[in-house]
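**Q** Structure supplied as query.pdb; contents: PDB, C-alpha atoms and all ligand atoms.
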```
MODEL        1
ATOM      1  CA  MET A   1      94.572  13.683  -8.915
ATOM      2  CA  ILE A   2      92.587  16.310  -7.028
ATOM      3  CA  THR A   3      93.491  20.002  -6.789
ATOM      4  CA  GLY A   4      92.461  22.440  -4.060
ATOM      5  CA  GLY A   5      93.444  20.202  -1.142
ATOM      6  CA  GLY A   6      92.133  21.596   2.155
ATOM      7  CA  GLY A   7      89.094  23.210   0.465
ATOM      8  CA  GLN A   8      85.497  22.140   1.110
ATOM      9  CA  LEU A   9      85.064  19.999  -1.989
ATOM     10  CA  SER A  10      88.452  18.265  -1.939
ATOM     11  CA  THR A  11      87.858  17.310   1.707
ATOM     12  CA  ALA A  12      84.431  15.914   0.807
ATOM     13  CA  LEU A  13      85.958  13.992  -2.122
ATOM     14  CA  GLU A  14      88.376  12.368   0.318
ATOM     15  CA  GLN A  15      85.518  11.502   2.732
ATOM     16  CA  THR A  16      83.365   9.943   0.020
ATOM     17  CA  ARG A  17      86.107   8.307  -2.081
ATOM     18  CA  PRO A  18      84.894   4.913  -3.332
ATOM     19  CA  ASP A  19      87.071   1.792  -2.860
ATOM     20  CA  TRP A  20      87.884   1.613  -6.582
ATOM     21  CA  VAL A  21      89.620   5.008  -6.473
ATOM     22  CA  GLU A  22      93.162   5.849  -5.416
ATOM     23  CA  ALA A  23      93.509   9.589  -5.034
ATOM     24  CA  SER A  24      96.307  12.141  -4.639
ATOM     25  CA  ILE A  25      94.823  15.234  -3.077
ATOM     26  CA  LEU A  26      97.166  18.156  -3.584
ATOM     27  CA  THR A  27      97.230  21.450  -1.715
ATOM     28  CA  ILE A  28      98.143  24.675  -3.468
ATOM     29  CA  ASP A  29     101.727  24.226  -2.206
ATOM     30  CA  GLN A  30     101.918  20.813  -3.866
ATOM     31  CA  LEU A  31     100.127  21.897  -7.029
ATOM     32  CA  ASP A  32      99.587  25.540  -7.891
ATOM     33  CA  MET A  33      97.395  25.458 -10.999
ATOM     34  CA  THR A  34      98.685  28.815 -12.166
ATOM     35  CA  ASP A  35     102.207  27.383 -12.570
ATOM     36  CA  SER A  36     102.115  25.467 -15.856
ATOM     37  CA  THR A  37     105.563  23.904 -15.345
ATOM     38  CA  MET A  38     104.542  22.588 -11.936
ATOM     39  CA  VAL A  39     101.200  21.326 -13.286
ATOM     40  CA  GLU A  40     102.975  19.431 -16.075
ATOM     41  CA  ARG A  41     105.632  17.972 -13.742
ATOM     42  CA  VAL A  42     103.093  16.811 -11.117
ATOM     43  CA  THR A  43     100.711  15.410 -13.741
ATOM     44  CA  GLN A  44     103.499  13.487 -15.478
ATOM     45  CA  ALA A  45     104.667  12.115 -12.126
ATOM     46  CA  ASN A  46     101.153  11.014 -11.098
ATOM     47  CA  GLN A  47      99.954   9.752 -14.522
ATOM     48  CA  PRO A  48      96.316  10.130 -13.362
ATOM     49  CA  HIS A  49      93.336   8.515 -15.071
ATOM     50  CA  ALA A  50      91.403  11.620 -14.091
ATOM     51  CA  VAL A  51      91.970  15.051 -12.617
ATOM     52  CA  ILE A  52      89.275  16.694 -10.488
ATOM     53  CA  ASN A  53      89.774  20.435 -10.329
ATOM     54  CA  ALA A  54      88.365  21.284  -6.896
ATOM     55  CA  GLY A  55      90.619  24.322  -6.589
ATOM     56  CA  ALA A  56      89.441  27.817  -7.464
ATOM     57  CA  TYR A  57      89.540  31.498  -6.619
ATOM     58  CA  THR A  58      86.253  31.459  -4.669
ATOM     59  CA  ALA A  59      86.236  34.885  -2.974
ATOM     60  CA  VAL A  60      83.309  36.256  -4.979
ATOM     61  CA  ASP A  61      83.410  39.827  -3.633
ATOM     62  CA  ALA A  62      87.210  40.145  -3.530
ATOM     63  CA  ALA A  63      87.335  39.093  -7.205
ATOM     64  CA  GLU A  64      85.578  42.325  -8.241
ATOM     65  CA  SER A  65      88.756  44.277  -7.456
ATOM     66  CA  ASP A  66      91.190  41.437  -8.223
ATOM     67  CA  GLU A  67      90.101  40.328 -11.700
ATOM     68  CA  GLU A  68      93.583  39.454 -12.904
ATOM     69  CA  ASN A  69      94.210  36.946 -10.113
ATOM     70  CA  ALA A  70      90.699  35.497 -10.314
ATOM     71  CA  ARG A  71      91.232  34.875 -14.042
ATOM     72  CA  LEU A  72      94.729  33.507 -13.476
ATOM     73  CA  VAL A  73      93.310  30.763 -11.238
ATOM     74  CA  ASN A  74      89.811  30.166 -12.637
ATOM     75  CA  ARG A  75      90.641  30.309 -16.347
ATOM     76  CA  ASP A  76      94.412  29.931 -16.784
ATOM     77  CA  GLY A  77      94.804  27.407 -13.951
ATOM     78  CA  ALA A  78      92.021  25.273 -15.433
ATOM     79  CA  ALA A  79      93.663  25.585 -18.873
ATOM     80  CA  ASN A  80      97.030  24.421 -17.510
ATOM     81  CA  LEU A  81      95.381  21.358 -15.978
ATOM     82  CA  ALA A  82      93.439  20.562 -19.144
ATOM     83  CA  ALA A  83      96.558  20.839 -21.319
ATOM     84  CA  SER A  84      98.456  18.438 -19.057
ATOM     85  CA  CYS A  85      95.445  16.080 -18.963
ATOM     86  CA  ALA A  86      95.481  16.041 -22.775
ATOM     87  CA  ARG A  87      99.164  15.091 -22.785
ATOM     88  CA  VAL A  88      98.750  12.137 -20.367
ATOM     89  CA  GLY A  89      95.344  11.063 -21.732
ATOM     90  CA  ALA A  90      93.478  11.828 -18.488
ATOM     91  CA  ARG A  91      89.826  12.786 -18.123
ATOM     92  CA  MET A  92      89.066  16.015 -16.271
ATOM     93  CA  VAL A  93      86.261  17.203 -14.006
ATOM     94  CA  GLN A  94      86.028  20.997 -13.960
ATOM     95  CA  VAL A  95      83.806  22.301 -11.161
ATOM     96  CA  SER A  96      81.863  25.463 -11.955
ATOM     97  CA  THR A  97      79.067  27.603 -10.594
ATOM     98  CA  ASP A  98      75.439  28.739 -10.846
ATOM     99  CA  PHE A  99      76.884  32.288 -11.019
ATOM    100  CA  VAL A 100      77.375  31.790 -14.784
ATOM    101  CA  PHE A 101      73.637  32.668 -14.991
ATOM    102  CA  ASP A 102      72.128  36.124 -14.462
ATOM    103  CA  GLY A 103      68.939  34.944 -12.755
ATOM    104  CA  SER A 104      66.643  36.945 -15.039
ATOM    105  CA  ILE A 105      64.547  33.872 -15.921
ATOM    106  CA  ARG A 106      62.825  32.441 -12.876
ATOM    107  CA  GLU A 107      62.813  28.846 -14.024
ATOM    108  CA  PRO A 108      65.450  26.162 -13.366
ATOM    109  CA  ARG A 109      68.306  26.677 -15.855
ATOM    110  CA  GLY A 110      69.538  23.729 -17.933
ATOM    111  CA  PRO A 111      73.136  23.036 -19.036
ATOM    112  CA  ARG A 112      72.464  24.400 -22.530
ATOM    113  CA  ASP A 113      70.682  27.587 -21.428
ATOM    114  CA  THR A 114      72.228  30.987 -22.144
ATOM    115  CA  THR A 115      74.832  32.147 -19.662
ATOM    116  CA  ASN A 116      75.408  35.748 -18.625
ATOM    117  CA  PRO A 117      77.541  36.079 -15.507
ATOM    118  CA  LEU A 118      77.020  39.205 -13.396
ATOM    119  CA  SER A 119      80.351  39.079 -11.567
ATOM    120  CA  VAL A 120      84.084  38.712 -12.202
ATOM    121  CA  TYR A 121      83.970  35.372 -10.361
ATOM    122  CA  GLY A 122      81.133  34.106 -12.595
ATOM    123  CA  ARG A 123      82.853  35.351 -15.771
ATOM    124  CA  THR A 124      86.222  33.773 -14.945
ATOM    125  CA  LYS A 125      84.561  30.477 -13.986
ATOM    126  CA  LEU A 126      82.689  30.478 -17.313
ATOM    127  CA  GLU A 127      85.970  31.116 -19.151
ATOM    128  CA  GLY A 128      87.427  28.142 -17.235
ATOM    129  CA  GLU A 129      84.549  25.912 -18.436
ATOM    130  CA  GLU A 130      85.075  26.985 -22.046
ATOM    131  CA  VAL A 131      88.820  26.447 -22.121
ATOM    132  CA  VAL A 132      88.581  22.981 -20.519
ATOM    133  CA  LEU A 133      85.893  21.837 -22.982
ATOM    134  CA  ASP A 134      87.907  23.277 -25.912
ATOM    135  CA  LEU A 135      91.092  21.475 -24.913
ATOM    136  CA  LEU A 136      89.616  18.129 -23.874
ATOM    137  CA  GLY A 137      86.316  17.717 -25.748
ATOM    138  CA  ASP A 138      84.442  14.663 -24.519
ATOM    139  CA  ARG A 139      87.214  13.765 -22.080
ATOM    140  CA  ALA A 140      86.010  16.661 -19.905
ATOM    141  CA  VAL A 141      82.965  17.084 -17.720
ATOM    142  CA  VAL A 142      81.969  20.484 -16.355
ATOM    143  CA  VAL A 143      79.902  20.242 -13.172
ATOM    144  CA  ARG A 144      78.091  23.396 -12.147
ATOM    145  CA  THR A 145      77.056  23.537  -8.518
ATOM    146  CA  ALA A 146      75.796  26.114  -6.012
ATOM    147  CA  TRP A 147      75.647  27.265  -2.391
ATOM    148  CA  LEU A 148      78.182  24.701  -1.117
ATOM    149  CA  TYR A 149      78.687  23.998   2.560
ATOM    150  CA  SER A 150      80.486  21.362   4.605
ATOM    151  CA  ALA A 151      81.121  20.667   8.283
ATOM    152  CA  GLY A 152      84.725  21.906   8.107
ATOM    153  CA  GLY A 153      84.520  24.823   5.701
ATOM    154  CA  ALA A 154      83.988  28.552   6.049
ATOM    155  CA  ASN A 155      80.432  28.746   4.759
ATOM    156  CA  PHE A 156      76.915  30.027   5.393
ATOM    157  CA  VAL A 157      75.918  27.197   7.770
ATOM    158  CA  ASN A 158      78.906  27.596  10.081
ATOM    159  CA  THR A 159      78.654  31.401   9.976
ATOM    160  CA  MET A 160      74.917  31.303  10.787
ATOM    161  CA  LEU A 161      75.395  28.894  13.713
ATOM    162  CA  ARG A 162      78.077  31.199  15.149
ATOM    163  CA  LEU A 163      75.992  34.373  14.723
ATOM    164  CA  MET A 164      72.863  32.688  16.090
ATOM    165  CA  ARG A 165      74.800  31.633  19.213
ATOM    166  CA  GLU A 166      76.534  35.000  19.646
ATOM    167  CA  ARG A 167      73.617  37.334  18.906
ATOM    168  CA  GLY A 168      70.405  35.322  19.244
ATOM    169  CA  GLN A 169      69.032  37.403  16.342
ATOM    170  CA  VAL A 170      70.055  37.483  12.668
ATOM    171  CA  ARG A 171      68.891  39.263   9.502
ATOM    172  CA  VAL A 172      69.019  37.192   6.314
ATOM    173  CA  VAL A 173      68.200  38.045   2.709
ATOM    174  CA  ASN A 174      65.031  36.512   1.330
ATOM    175  CA  ASP A 175      65.176  37.634  -2.312
ATOM    176  CA  GLN A 176      67.928  35.356  -3.653
ATOM    177  CA  ILE A 177      66.701  31.873  -4.523
ATOM    178  CA  GLY A 178      68.938  28.880  -5.159
ATOM    179  CA  THR A 179      69.747  25.454  -3.756
ATOM    180  CA  PRO A 180      71.909  24.751  -0.726
ATOM    181  CA  THR A 181      74.236  21.848  -1.507
ATOM    182  CA  TRP A 182      76.228  19.661   0.873
ATOM    183  CA  ALA A 183      79.792  19.281  -0.446
ATOM    184  CA  ASN A 184      79.550  15.529   0.271
ATOM    185  CA  SER A 185      76.555  15.265  -2.074
ATOM    186  CA  LEU A 186      78.477  16.986  -4.871
ATOM    187  CA  ALA A 187      81.546  14.849  -4.175
ATOM    188  CA  GLY A 188      79.451  11.651  -4.387
ATOM    189  CA  ALA A 189      77.969  12.868  -7.681
ATOM    190  CA  ILE A 190      81.446  13.547  -9.097
ATOM    191  CA  TRP A 191      82.498   9.969  -8.329
ATOM    192  CA  CYS A 192      79.321   8.725 -10.054
ATOM    193  CA  MET A 193      80.042  10.954 -13.084
ATOM    194  CA  LEU A 194      83.556   9.536 -13.375
ATOM    195  CA  GLU A 195      82.213   5.998 -13.010
ATOM    196  CA  ARG A 196      79.785   6.645 -15.897
ATOM    197  CA  GLU A 197      82.397   8.650 -17.881
ATOM    198  CA  LEU A 198      79.993  11.556 -18.395
ATOM    199  CA  SER A 199      81.133  14.410 -20.596
ATOM    200  CA  GLY A 200      79.927  17.926 -21.431
ATOM    201  CA  ILE A 201      78.166  20.284 -19.030
ATOM    202  CA  HIS A 202      76.211  18.917 -16.064
ATOM    203  CA  HIS A 203      74.377  20.492 -13.176
ATOM    204  CA  TRP A 204      74.507  19.155  -9.626
ATOM    205  CA  THR A 205      72.958  20.603  -6.507
ATOM    206  CA  ASP A 206      70.828  19.021  -3.840
ATOM    207  CA  ASP A 207      67.112  18.808  -4.636
ATOM    208  CA  GLY A 208      64.617  21.596  -3.935
ATOM    209  CA  THR A 209      64.921  25.376  -3.718
ATOM    210  CA  ALA A 210      65.344  27.929  -0.935
ATOM    211  CA  SER A 211      66.108  31.536  -0.197
ATOM    212  CA  TRP A 212      69.023  32.306   2.143
ATOM    213  CA  TYR A 213      66.302  33.129   4.714
ATOM    214  CA  ASP A 214      64.665  29.681   4.272
ATOM    215  CA  PHE A 215      68.111  28.109   4.605
ATOM    216  CA  ALA A 216      68.809  30.038   7.829
ATOM    217  CA  VAL A 217      65.452  29.003   9.322
ATOM    218  CA  ALA A 218      66.235  25.343   8.544
ATOM    219  CA  ILE A 219      69.728  25.682  10.084
ATOM    220  CA  ALA A 220      68.156  27.054  13.263
ATOM    221  CA  GLU A 221      65.361  24.455  13.427
ATOM    222  CA  ILE A 222      67.545  21.424  12.755
ATOM    223  CA  GLY A 223      70.486  22.892  14.707
ATOM    224  CA  LYS A 224      68.247  23.266  17.775
ATOM    225  CA  GLU A 225      66.819  19.763  17.318
ATOM    226  CA  LYS A 226      70.361  18.350  17.292
ATOM    227  CA  GLY A 227      71.508  20.323  20.338
ATOM    228  CA  LEU A 228      73.820  22.657  18.395
ATOM    229  CA  LEU A 229      71.765  25.678  19.539
ATOM    230  CA  ASP A 230      70.275  26.159  23.018
ATOM    231  CA  SER A 231      67.274  28.150  21.822
ATOM    232  CA  MET A 232      65.569  29.200  18.615
ATOM    233  CA  PRO A 233      67.102  32.527  17.418
ATOM    234  CA  GLY A 234      65.111  35.386  15.923
ATOM    235  CA  ILE A 235      65.496  35.443  12.122
ATOM    236  CA  ASP A 236      64.389  38.507  10.161
ATOM    237  CA  PRO A 237      63.914  38.336   6.374
ATOM    238  CA  VAL A 238      65.434  41.372   4.618
ATOM    239  CA  PRO A 239      65.982  42.400   0.982
ATOM    240  CA  SER A 240      69.506  42.113  -0.534
ATOM    241  CA  SER A 241      69.551  45.918  -0.771
ATOM    242  CA  GLU A 242      70.176  45.908   2.996
ATOM    243  CA  PHE A 243      73.428  43.984   2.480
ATOM    244  CA  PRO A 244      75.169  45.700  -0.459
ATOM    245  CA  THR A 245      78.152  43.659  -1.746
ATOM    246  CA  PRO A 246      80.818  44.462  -4.379
ATOM    247  CA  ALA A 247      79.700  41.526  -6.578
ATOM    248  CA  ARG A 248      76.231  41.259  -8.112
ATOM    249  CA  ARG A 249      74.609  37.875  -7.544
ATOM    250  CA  PRO A 250      71.750  36.276  -9.508
ATOM    251  CA  SER A 251      68.435  36.639  -7.674
ATOM    252  CA  TYR A 252      67.386  33.215  -8.981
ATOM    253  CA  SER A 253      69.909  30.477  -9.732
ATOM    254  CA  VAL A 254      68.121  27.167  -9.406
ATOM    255  CA  MET A 255      69.560  24.653 -11.885
ATOM    256  CA  ASP A 256      67.763  21.925 -13.821
ATOM    257  CA  LYS A 257      69.324  18.523 -13.046
ATOM    258  CA  GLN A 258      66.980  16.224 -15.013
ATOM    259  CA  ASP A 259      69.491  15.328 -17.721
ATOM    260  CA  THR A 260      72.229  14.480 -15.204
ATOM    261  CA  TRP A 261      69.849  12.449 -13.037
ATOM    262  CA  LYS A 262      68.832  10.438 -16.117
ATOM    263  CA  LYS A 263      72.454   9.697 -16.982
ATOM    264  CA  LEU A 264      73.244   8.674 -13.394
ATOM    265  CA  GLN A 265      70.175   6.435 -13.050
ATOM    266  CA  GLY A 266      71.209   3.195 -11.324
ATOM    267  CA  THR A 267      74.094   4.792  -9.387
ATOM    268  CA  GLN A 268      73.946   5.585  -5.681
ATOM    269  CA  CYS A 269      73.673   9.315  -6.506
ATOM    270  CA  VAL A 270      70.073   9.180  -7.648
ATOM    271  CA  PRO A 271      67.539   9.824  -6.354
ATOM    272  CA  CYS A 272      69.252  12.993  -5.229
ATOM    273  CA  ALA A 273      68.511  13.997  -1.620
ATOM    274  CA  HIS A 274      66.543  17.146  -0.740
ATOM    275  CA  TRP A 275      68.740  19.978   0.598
ATOM    276  CA  ARG A 276      67.003  19.858   3.986
ATOM    277  CA  ASP A 277      67.850  16.167   4.452
ATOM    278  CA  ASN A 278      71.495  16.775   3.523
ATOM    279  CA  LEU A 279      71.632  19.769   5.875
ATOM    280  CA  SER A 280      70.440  17.432   8.604
ATOM    281  CA  SER A 281      73.241  14.942   7.773
ATOM    282  CA  MET A 282      75.863  17.693   7.860
ATOM    283  CA  LEU A 283      74.579  19.042  11.195
ATOM    284  CA  GLU A 284      74.647  15.483  12.533
ATOM    285  CA  GLU A 285      78.320  15.299  11.479
ATOM    286  CA  LEU A 286      78.980  18.633  13.271
ATOM    287  CA  ASN A 287      77.330  17.183  16.326
ATOM    288  CA  GLY A 288      79.905  14.389  16.303
ATOM    289  CA  GLY A 289      77.485  11.846  14.766
TER     290      GLY A 289
HETATM  291  N1  LIG B 301      81.534  27.475  -2.222
HETATM  292  C1  LIG B 301      80.453  27.640  -2.979
HETATM  293  O1  LIG B 301      79.392  28.060  -2.503
HETATM  294  C2  LIG B 301      80.493  27.277  -4.437
HETATM  295  C3  LIG B 301      79.343  27.516  -5.212
HETATM  296  C4  LIG B 301      79.378  27.171  -6.568
HETATM  297  C5  LIG B 301      80.523  26.619  -7.115
HETATM  298  N2  LIG B 301      81.622  26.429  -6.337
HETATM  299  C6  LIG B 301      82.802  25.848  -6.964
HETATM  300  O2  LIG B 301      83.061  24.618  -6.313
HETATM  301  C7  LIG B 301      84.470  24.360  -6.303
HETATM  302  C8  LIG B 301      84.921  24.016  -4.907
HETATM  303  O3  LIG B 301      84.637  25.111  -4.038
HETATM  304  P1  LIG B 301      84.960  25.067  -2.479
HETATM  305  O4  LIG B 301      83.788  25.608  -1.765
HETATM  306  O5  LIG B 301      85.496  23.715  -2.112
HETATM  307  O6  LIG B 301      86.129  26.147  -2.430
HETATM  308  P2  LIG B 301      87.187  26.424  -1.283
HETATM  309  O7  LIG B 301      86.788  25.772   0.000
HETATM  310  O8  LIG B 301      87.428  27.900  -1.322
HETATM  311  O9  LIG B 301      88.481  25.666  -1.814
HETATM  312  C9  LIG B 301      89.194  26.097  -2.934
HETATM  313  C10 LIG B 301      90.603  25.603  -2.800
HETATM  314  O10 LIG B 301      91.333  25.984  -3.967
HETATM  315  C11 LIG B 301      92.597  26.401  -3.544
HETATM  316  N3  LIG B 301      93.283  27.221  -4.543
HETATM  317  C12 LIG B 301      93.212  28.566  -4.745
HETATM  318  N4  LIG B 301      94.061  28.929  -5.724
HETATM  319  C13 LIG B 301      94.656  27.792  -6.158
HETATM  320  C14 LIG B 301      95.669  27.531  -7.131
HETATM  321  N5  LIG B 301      96.226  28.514  -7.833
HETATM  322  N6  LIG B 301      96.078  26.246  -7.311
HETATM  323  C15 LIG B 301      95.546  25.246  -6.560
HETATM  324  N7  LIG B 301      94.606  25.434  -5.618
HETATM  325  C16 LIG B 301      94.175  26.696  -5.423
HETATM  326  C17 LIG B 301      92.333  27.141  -2.255
HETATM  327  O11 LIG B 301      93.518  27.299  -1.512
HETATM  328  P3  LIG B 301      93.629  28.580  -0.519
HETATM  329  O12 LIG B 301      92.551  28.403   0.503
HETATM  330  O13 LIG B 301      95.018  28.446   0.028
HETATM  331  O14 LIG B 301      93.433  29.786  -1.390
HETATM  332  C18 LIG B 301      91.336  26.197  -1.592
HETATM  333  O15 LIG B 301      91.997  25.160  -0.891
HETATM  334  C19 LIG B 301      85.116  25.606  -6.914
HETATM  335  O16 LIG B 301      85.344  25.362  -8.281
HETATM  336  C20 LIG B 301      84.061  26.673  -6.778
HETATM  337  O17 LIG B 301      84.196  27.665  -7.770
HETATM  338  C21 LIG B 301      81.633  26.731  -5.014
ENDMDL
END
```
Have the structure of the file written as structure tokens, please.
**A**
Amino acid sequence: MITGGGGQLSTALEQTRPDWVEASILTIDQLDMTDSTMVERVTQANQPHAVINAGAYTAVDAAESDEENARLVNRDGAANLAASCARVGARMVQVSTDFVFDGSIREPRGPRDTTNPLSVYGRTKLEGEEVVLDLLGDRAVVVRTAWLYSAGGANFVNTMLRLMRERGQVRVVNDQIGTPTWANSLAGAIWCMLERELSGIHHWTDDGTASWYDFAVAIAEIGKEKGLLDSMPGIDPVPSSEFPTPARRPSYSVMDKQDTWKKLQGTQCVPCAHWRDNLSSMLEELNGG
């Protein structure tokens, strides 16, 4: 059973679903996580072996002035799912974020490193992790990811391609470092984690690191190569201070994946692809490939 139907990750989970899996992908109308009665009824009806929580309140800036609703979805919704999973004996995959870290240490962060979210979104996602692990113990796996994009979603890649076409010139921040991650790569990793019955906290992003500026340059270069852009746009690196946002974001949020890679050795998920290669695959998909 997969929540958040219509979102980037749930769509990627559908696209990458292995043959051994039967999945019910439920939109918010079919399963609103914040409604515990509905969650219990739908879970009892489906009797899932596993629930993947791909639904979330993901509007990072809006959450700063909407804490109650962000918490209702990201913590309480996750808790409702975990409680129902416990009652039917299902495993649960809770997807979380690199924004649980504050970015003050400029080294890849491991699953056991200290968290300190800077935003309401990060805090409520961390609370969601904690409640799921409390309720389900080793029947739960928390998967932290970052900088997700997919061909169909509203995300940085699609926004950049549009702005590059419309304006021919963009300004992009160069002082936030992380790892762009194709939703299909995360989805594939989630299937591998379920296959191996992993538990506890795991990190999954594509390989490598980038600033948003590096990411934009790669989008332009590969986008032009694939015929998605007629010409190379101008791209100016700027500090985050030029784009003030309501939510504070970590300036460095690269995550250490070594432990997860070790546990997934022998599956099709490792070796994990570099973000630039996965960007190329996504742009190929956009190009109709
Ligand atoms: N996007 C990123 O860059 C990023 C980075 C790190 C971690 N993550 C995490 O990765 C996961 C997947 O993100 P995504 O990019 O696929 O997000 P997304 O495209 O925004 O999809 C989230 C989905 O959850 C749904 N939803 C919202 N409230 C819900 C509720 N009460 N019950 C059921 N569904 C609800 C949304 O429906 P509506 O559209 O109707 O609201 C939407 O379909 C999330 O846990 C997110 O926190 C994302």
**Q** Taking all atoms listed in the file into account, list the residues no farther than 6 Å from ligand LIG 301 (chain B), as a list of chain:residue names.
**A** A:Thr3, A:Gly4, A:Gly5, A:Gly6, A:Gly7, A:Gln8, A:Leu9, A:Ile28, A:Leu31, A:Asp32, A:Met33, A:Thr34, A:Ala54, A:Gly55, A:Ala56, A:Tyr57, A:Thr58, A:Val73, A:Val95, A:Ser96, A:Thr97, A:Thr145, A:Ala146, A:Trp147, A:Leu148
**Q** Check the smallest atom-to-atom distance from each of A:Arg71, A:Arg91, A:Lys257, A:Arg112 to A:Lys125 using all atoms listed in the file, then report the winner.
**A**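 Among A:Arg71, A:Arg91, A:Lys257, A:Arg112, it is A:Arg71 that comes nearest to A:Lys125.
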**Q** Which residues are near A:His49? Cut-off 12 Å, all atoms listed in the file, ignore same chain within fewer than 2 positions. Put them as a PyMOL selection string.
**A** chain A and resi 1-2+21-24+43-44+46-47+51-52+84-93+139-140+194-195+197
**Q** In Å, how far is it from atom CA of A:Val60 to atom CA of A:Thr124?
**A**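 It comes out at 10.7 Å.
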**Q** With the file shown as input, list the residues that the PyMOL selection byres (((chain A and resi 213) around 7) and not hetatm) selects, as an mmCIF file with C-alpha atoms, in the frame of the given file.
**A**
```cif
data_model
loop_
_atom_site.group_PDB
_atom_site.id
_atom_site.type_symbol
_atom_site.label_atom_id
_atom_site.label_comp_id
_atom_site.auth_asym_id
_atom_site.auth_seq_id
_atom_site.Cartn_x
_atom_site.Cartn_y
_atom_site.Cartn_z
ATOM 1 C CA VAL A 172 69.019 37.192 6.314
ATOM 2 C CA VAL A 173 68.200 38.045 2.709
ATOM 3 C CA ASN A 174 65.031 36.512 1.330
ATOM 4 C CA SER A 211 66.108 31.536 -0.197
ATOM 5 C CA TRP A 212 69.023 32.306 2.143
ATOM 6 C CA ASP A 214 64.665 29.681 4.272
ATOM 7 C CA PHE A 215 68.111 28.109 4.605
ATOM 8 C CA ALA A 216 68.809 30.038 7.829
ATOM 9 C CA VAL A 217 65.452 29.003 9.322
ATOM 10 C CA PRO A 237 63.914 38.336 6.374
#
```
**Q** May I ask which of the residues A:Ala82, A:Ala210, A:Tyr121, A:Gly152 is the closest one to A:Asp61, counting all atoms listed in the file?
**A**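 Looking at the shortest contact to A:Asp61, the residue is A:Tyr121.
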**Q** Report as a Markdown table: every residue of stretch 158-220 of chain A with an atom at most 12 Å from stretch 127-132 of chain A, its closest pair of atoms, and their distance in Å to one decimal, counting only C-alpha atoms, with rows sorted by chain and ascending residue number.
**A**
```
| residue | atom | partner | partner_atom | distance |
| --- | --- | --- | --- | --- |
| A:Ser199 | CA | A:Val132 | CA | 11.4 |
| A:Gly200 | CA | A:Glu129 | CA | 9.7 |
| A:Ile201 | CA | A:Glu129 | CA | 8.5 |
| A:His202 | CA | A:Glu129 | CA | 11.1 |
```
**Q** Nearest to A:Ile222: which of A:Ser241, A:Ser251, A:Gln265, A:Asn278 is it, counting all atoms listed in the file?
**A**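 Once distances to A:Ile222 are computed over all atoms listed in the file, the minimum belongs to A:Asn278.
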**Q** If we count only C-alpha atoms and set the cut-off at 9 Å, which residues sit around A:Arg165, ignoring sequence neighbours fewer than 5 positions away in its own chain? Please answer as a list in words.
**A**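 Result of the neighbour search: Met160, Leu229, Asp230, Ser231 and Pro233 of chain A.
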**Q** Mind giving me the straight-line distance from atom CA of A:Trp191 to atom CA of A:Leu13 in Å, one decimal?
**A** 8.2 Å
**Q** Rank nothing, just name the residue among A:Val100, A:Leu135, A:Cys269, A:Leu161 nearest to A:Ser185, using all atoms listed in the file.
**A** A:Cys269
